[in-house]
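Engineer: Quick one: the structure is below, and I'll ask about it shortly.
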Amino acid sequence: MKPSIFITRKLPDTVIEPLNSEFEVEMWDKEDVPVPRDMLLEKANGASALITMLSDKVDTELMEQAPSLKVVANLAVGYDNIDLEAANQKEVVICNTPDVLTDTTADLTFALLMTSARRIVEADRYIKEGQWKSWSPLLLAGADIHHKTIGIVGMGSIGEAVARRAKGFDMNILYHNRSRKPEAEEKLGAVYVKLDELLAQSDFVVVLAPLTEETEGLFQKEQFKAMKKSAFFINAARGAIVNEEALIEALNTGEIAGAGLDVFVNEPIDSNHPLLSLDNVVALPHIASSSTETRLAMMNLCVQNIIAVLKGDKPKTQVK
Ligand code: DGY
């Protein structure tokens, strides 16, 4: 019997084609709707491999019902949806998709920063709603980006890629990270600072840290209070790093100037959520790595990792 693989979202046939000759492949048939939990558990039972999305919880319950499971390839660089300890105990290899999405994610993060600062969404709405009556001196005046200070919280490869973009805009680059990044300091002139100092000095605070026990709820009232009133808060990491009530209050009371958010505590966020009613918020539906090229590269990497593990080889990008 061929080893079986379950894929938790509909992926293009061309992507799964390399799996078809040697494996039994089954796929949840919807693109926009996550596989129901009971179906995931049922399919995991008997599967040798899973390709999962960040909306799928891969936990002890799942591992216990999946005695043949050897590898889980998560279609994301982040893997906070996966219980690594449970996987370790069951000797299930976990793979993610780093590197292939770095520049695409950095592009979107910088676009979110620029969109927030230069009020691009508001301006688009303004012209399409027929409000533009004449050129006027301070029409939709935003904040400058060039020569300002960016503070990057989480200086992994995406953080460094954002720093490279910031350097092109002649920005001062501050960063806060678990460890120092000598290469970024040398090549980009990035300066390591404590979080307090980063918050006090930055015109743009950009969060790119993974969601861990250390970073969960890192941004509370106090952190927003420590920021400049003219500063923008950009989050392209994970929603749970931020206390959204505290963020709403900071945006409402003018503690900070605005926010650009690609991620939320609950995804998809309710369209009636108070964050979405604020003019000084630009909100995106978790699309930072979503260019066609990059999403296909991520899918292909998942497929390659699964083939490697099921053939007894080392996968390209195993989470350690
Ligand atoms: C990731 O890869 O972790 C992103 O958040 C999803 O593209």
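Identifiers in this document derive from the order of the structure tokens: chains are assigned A, B, ..., residues are numbered from 1 separately in each chain, and ligands are numbered from 1 in order of occurrence.
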Can you build me a table of chain A residues sitting at most 8 Å from ligand 1, with the closest atom pair per residue and its distance in Å to one decimal, using only C-alpha atoms and all ligand atoms, sorted by chain and residue number, as JSON lines?

Structural biologist:
```
{"residue": "A:Leu54", "atom": "CA", "partner": "ligand 1", "partner_atom_place_in_ligand_line": "6 (C)", "distance": 7.2}
{"residue": "A:Leu75", "atom": "CA", "partner": "ligand 1", "partner_atom_place_in_ligand_line": "2 (O)", "distance": 6.7}
{"residue": "A:Ala76", "atom": "CA", "partner": "ligand 1", "partner_atom_place_in_ligand_line": "2 (O)", "distance": 3.2}
{"residue": "A:Val77", "atom": "CA", "partner": "ligand 1", "partner_atom_place_in_ligand_line": "2 (O)", "distance": 3.8}
{"residue": "A:Gly78", "atom": "CA", "partner": "ligand 1", "partner_atom_place_in_ligand_line": "3 (O)", "distance": 3.5}
{"residue": "A:Tyr79", "atom": "CA", "partner": "ligand 1", "partner_atom_place_in_ligand_line": "3 (O)", "distance": 6.8}
{"residue": "A:Thr97", "atom": "CA", "partner": "ligand 1", "partner_atom_place_in_ligand_line": "2 (O)", "distance": 6.8}
{"residue": "A:Pro98", "atom": "CA", "partner": "ligand 1", "partner_atom_place_in_ligand_line": "2 (O)", "distance": 7.4}
{"residue": "A:Leu101", "atom": "CA", "partner": "ligand 1", "partner_atom_place_in_ligand_line": "2 (O)", "distance": 7.2}
{"residue": "A:Thr105", "atom": "CA", "partner": "ligand 1", "partner_atom_place_in_ligand_line": "7 (O)", "distance": 7.6}
{"residue": "A:Ala236", "atom": "CA", "partner": "ligand 1", "partner_atom_place_in_ligand_line": "5 (O)", "distance": 7.3}
{"residue": "A:Ala237", "atom": "CA", "partner": "ligand 1", "partner_atom_place_in_ligand_line": "5 (O)", "distance": 6.2}
{"residue": "A:Arg238", "atom": "CA", "partner": "ligand 1", "partner_atom_place_in_ligand_line": "5 (O)", "distance": 7.0}
{"residue": "A:Val263", "atom": "CA", "partner": "ligand 1", "partner_atom_place_in_ligand_line": "5 (O)", "distance": 7.9}
{"residue": "A:His286", "atom": "CA", "partner": "ligand 1", "partner_atom_place_in_ligand_line": "5 (O)", "distance": 6.7}
{"residue": "A:Ile287", "atom": "CA", "partner": "ligand 1", "partner_atom_place_in_ligand_line": "7 (O)", "distance": 6.4}
{"residue": "A:Ala288", "atom": "CA", "partner": "ligand 1", "partner_atom_place_in_ligand_line": "7 (O)", "distance": 5.9}
{"residue": "A:Ser289", "atom": "CA", "partner": "ligand 1", "partner_atom_place_in_ligand_line": "7 (O)", "distance": 4.6}
{"residue": "A:Ser290", "atom": "CA", "partner": "ligand 1", "partner_atom_place_in_ligand_line": "7 (O)", "distance": 6.6}
```

Engineer: So that I can see what lies close to range 248-258 of chain A, please list as a VMD selection string the residues with an atom at most 9 Å from it, counting only C-alpha atoms and leaving out residues fewer than 4 positions away in the same chain.

Structural biologist: chain A and resid 116 to 117 221 224 to 234 243 to 244 274 to 275 278 to 282

Engineer: When distances are computed from only C-alpha atoms, which of A:Pro67, A:Pro3, A:Gly159, A:Pro137 shows the smallest separation from Ala106 in chain A?

Structural biologist: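 Checking each of A:Pro67, A:Pro3, A:Gly159, A:Pro137 against Ala106 in chain A, counting only C-alpha atoms, the winner is A:Gly159.
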
Engineer: Once DSSP has gone over the backbone, tell me which residues of range 215-282 of chain A are in strand (DSSP E or B), as a ChimeraX atom specification.

Structural biologist: /A:219,232-235,242,258-261,281-282

Engineer: Please provide as a ChimeraX atom specification all residues within 8 Å of Ile5 in chain A, with the sequence filter that same-chain residues fewer than 3 positions apart are discarded (counting only C-alpha atoms).

Structural biologist: /A:23-26,47-51

Engineer: With C-alpha atoms retained, could you export that selection as a tab-separated table (two decimals), in the first residue's frame?

Structural biologist:
```tsv
chain	number	residue	atom	x	y	z
A	23	PHE	CA	1.81	8.29	-2.63
A	24	GLU	CA	-1.91	8.23	-2.05
A	25	VAL	CA	-2.84	11.92	-1.96
A	26	GLU	CA	-6.04	13.27	-0.51
A	47	ALA	CA	-1.75	9.45	7.07
A	48	SER	CA	2.05	9.30	6.83
A	49	ALA	CA	2.27	12.99	6.05
A	50	LEU	CA	0.20	16.14	6.35
A	51	ILE	CA	0.46	19.48	4.60
```

Engineer: Using only C-alpha atoms, which residue out of A:Val72, A:Val319, A:Leu310, A:Asp56 lies closest to Leu19 in chain A?

Structural biologist: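 Counting only C-alpha atoms, the residue closest to Leu19 in chain A is A:Leu310.
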
Engineer: If you run DSSP over the backbone, which residues in range 47-87 of chain A end up helix (DSSP H, G or I)? Put them as a list of chain:residue names.

Structural biologist: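 These are the residues in question: A:Thr60, A:Glu61, A:Leu62, A:Met63, A:Glu64, A:Leu84, A:Glu85, A:Ala86, A:Ala87.
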
Engineer: Store the residues of this selection in a file with C-alpha atoms, as a PDB file, in the first residue's frame.

Structural biologist:
```
ATOM      1  CA  THR A  60      -1.319  16.196  21.145  1.00  0.00           C
ATOM      2  CA  GLU A  61      -4.878  15.170  20.316  1.00  0.00           C
ATOM      3  CA  LEU A  62      -4.012  14.985  16.630  1.00  0.00           C
ATOM      4  CA  MET A  63      -0.663  13.237  17.150  1.00  0.00           C
ATOM      5  CA  GLU A  64      -2.285  10.620  19.350  1.00  0.00           C
ATOM      6  CA  LEU A  84       6.539  20.950  18.855  1.00  0.00           C
ATOM      7  CA  GLU A  85       6.880  19.028  22.087  1.00  0.00           C
ATOM      8  CA  ALA A  86       4.046  16.689  21.157  1.00  0.00           C
ATOM      9  CA  ALA A  87       5.645  16.211  17.731  1.00  0.00           C
TER      10      ALA A  87
END
```

Engineer: Can you work out which one of A:Asn305, A:Asn172, A:Ser136, A:Thr109 has the shortest atom-to-atom distance to Ile158 in chain A, counting only C-alpha atoms?

Structural biologist: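 Under the stated criterion, the closest residue is A:Thr109.
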
Engineer: Just the residues within 9 Å of Gln304 in chain A, please, counting only C-alpha atoms, with nothing from its chain fewer than 3 positions along; format it as a PyMOL selection string.

Structural biologist: chain A and resi 18+299-301+307-309+315-316

Engineer: Write a file of the just-selected residues containing C-alpha atoms, as a PDB file, in the first residue's frame.

Structural biologist:
```pdb
ATOM      1  CA  PRO A  18       5.174  15.002  -8.003  1.00  0.00           C
ATOM      2  CA  MET A 299       3.800  24.791  -1.593  1.00  0.00           C
ATOM      3  CA  ASN A 300       6.601  23.189  -3.619  1.00  0.00           C
ATOM      4  CA  LEU A 301       8.881  23.315  -0.592  1.00  0.00           C
ATOM      5  CA  ILE A 307       9.026  13.436  -0.254  1.00  0.00           C
ATOM      6  CA  ALA A 308      12.410  13.699   1.501  1.00  0.00           C
ATOM      7  CA  VAL A 309      11.138  12.511   4.876  1.00  0.00           C
ATOM      8  CA  PRO A 315      14.115  17.560   4.587  1.00  0.00           C
ATOM      9  CA  LYS A 316      15.308  20.954   3.368  1.00  0.00           C
TER      10      LYS A 316
END
```

Engineer: Residues within 7 Å of Ile94 in chain A, please, as number ranges by chain. Count only C-alpha atoms; anything in the same chain fewer than 2 positions from it doesn't count.

Structural biologist: A: 71-73, 92, 96, 318-319

Engineer: Env of Gly217 in chain A: 12 Å cut, atoms = only C-alpha atoms, seq-sep filter 4 positions within chain, self excluded. Answer as a count of residues only.

Structural biologist: 19

Engineer: Given the choices A:Val15, A:Glu185, A:Glu267, A:Lys10, which gets closest to Ser55 in chain A if the distance is worked out from only C-alpha atoms?

Structural biologist: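 For Ser55 in chain A, the nearest of the candidates is A:Glu267.
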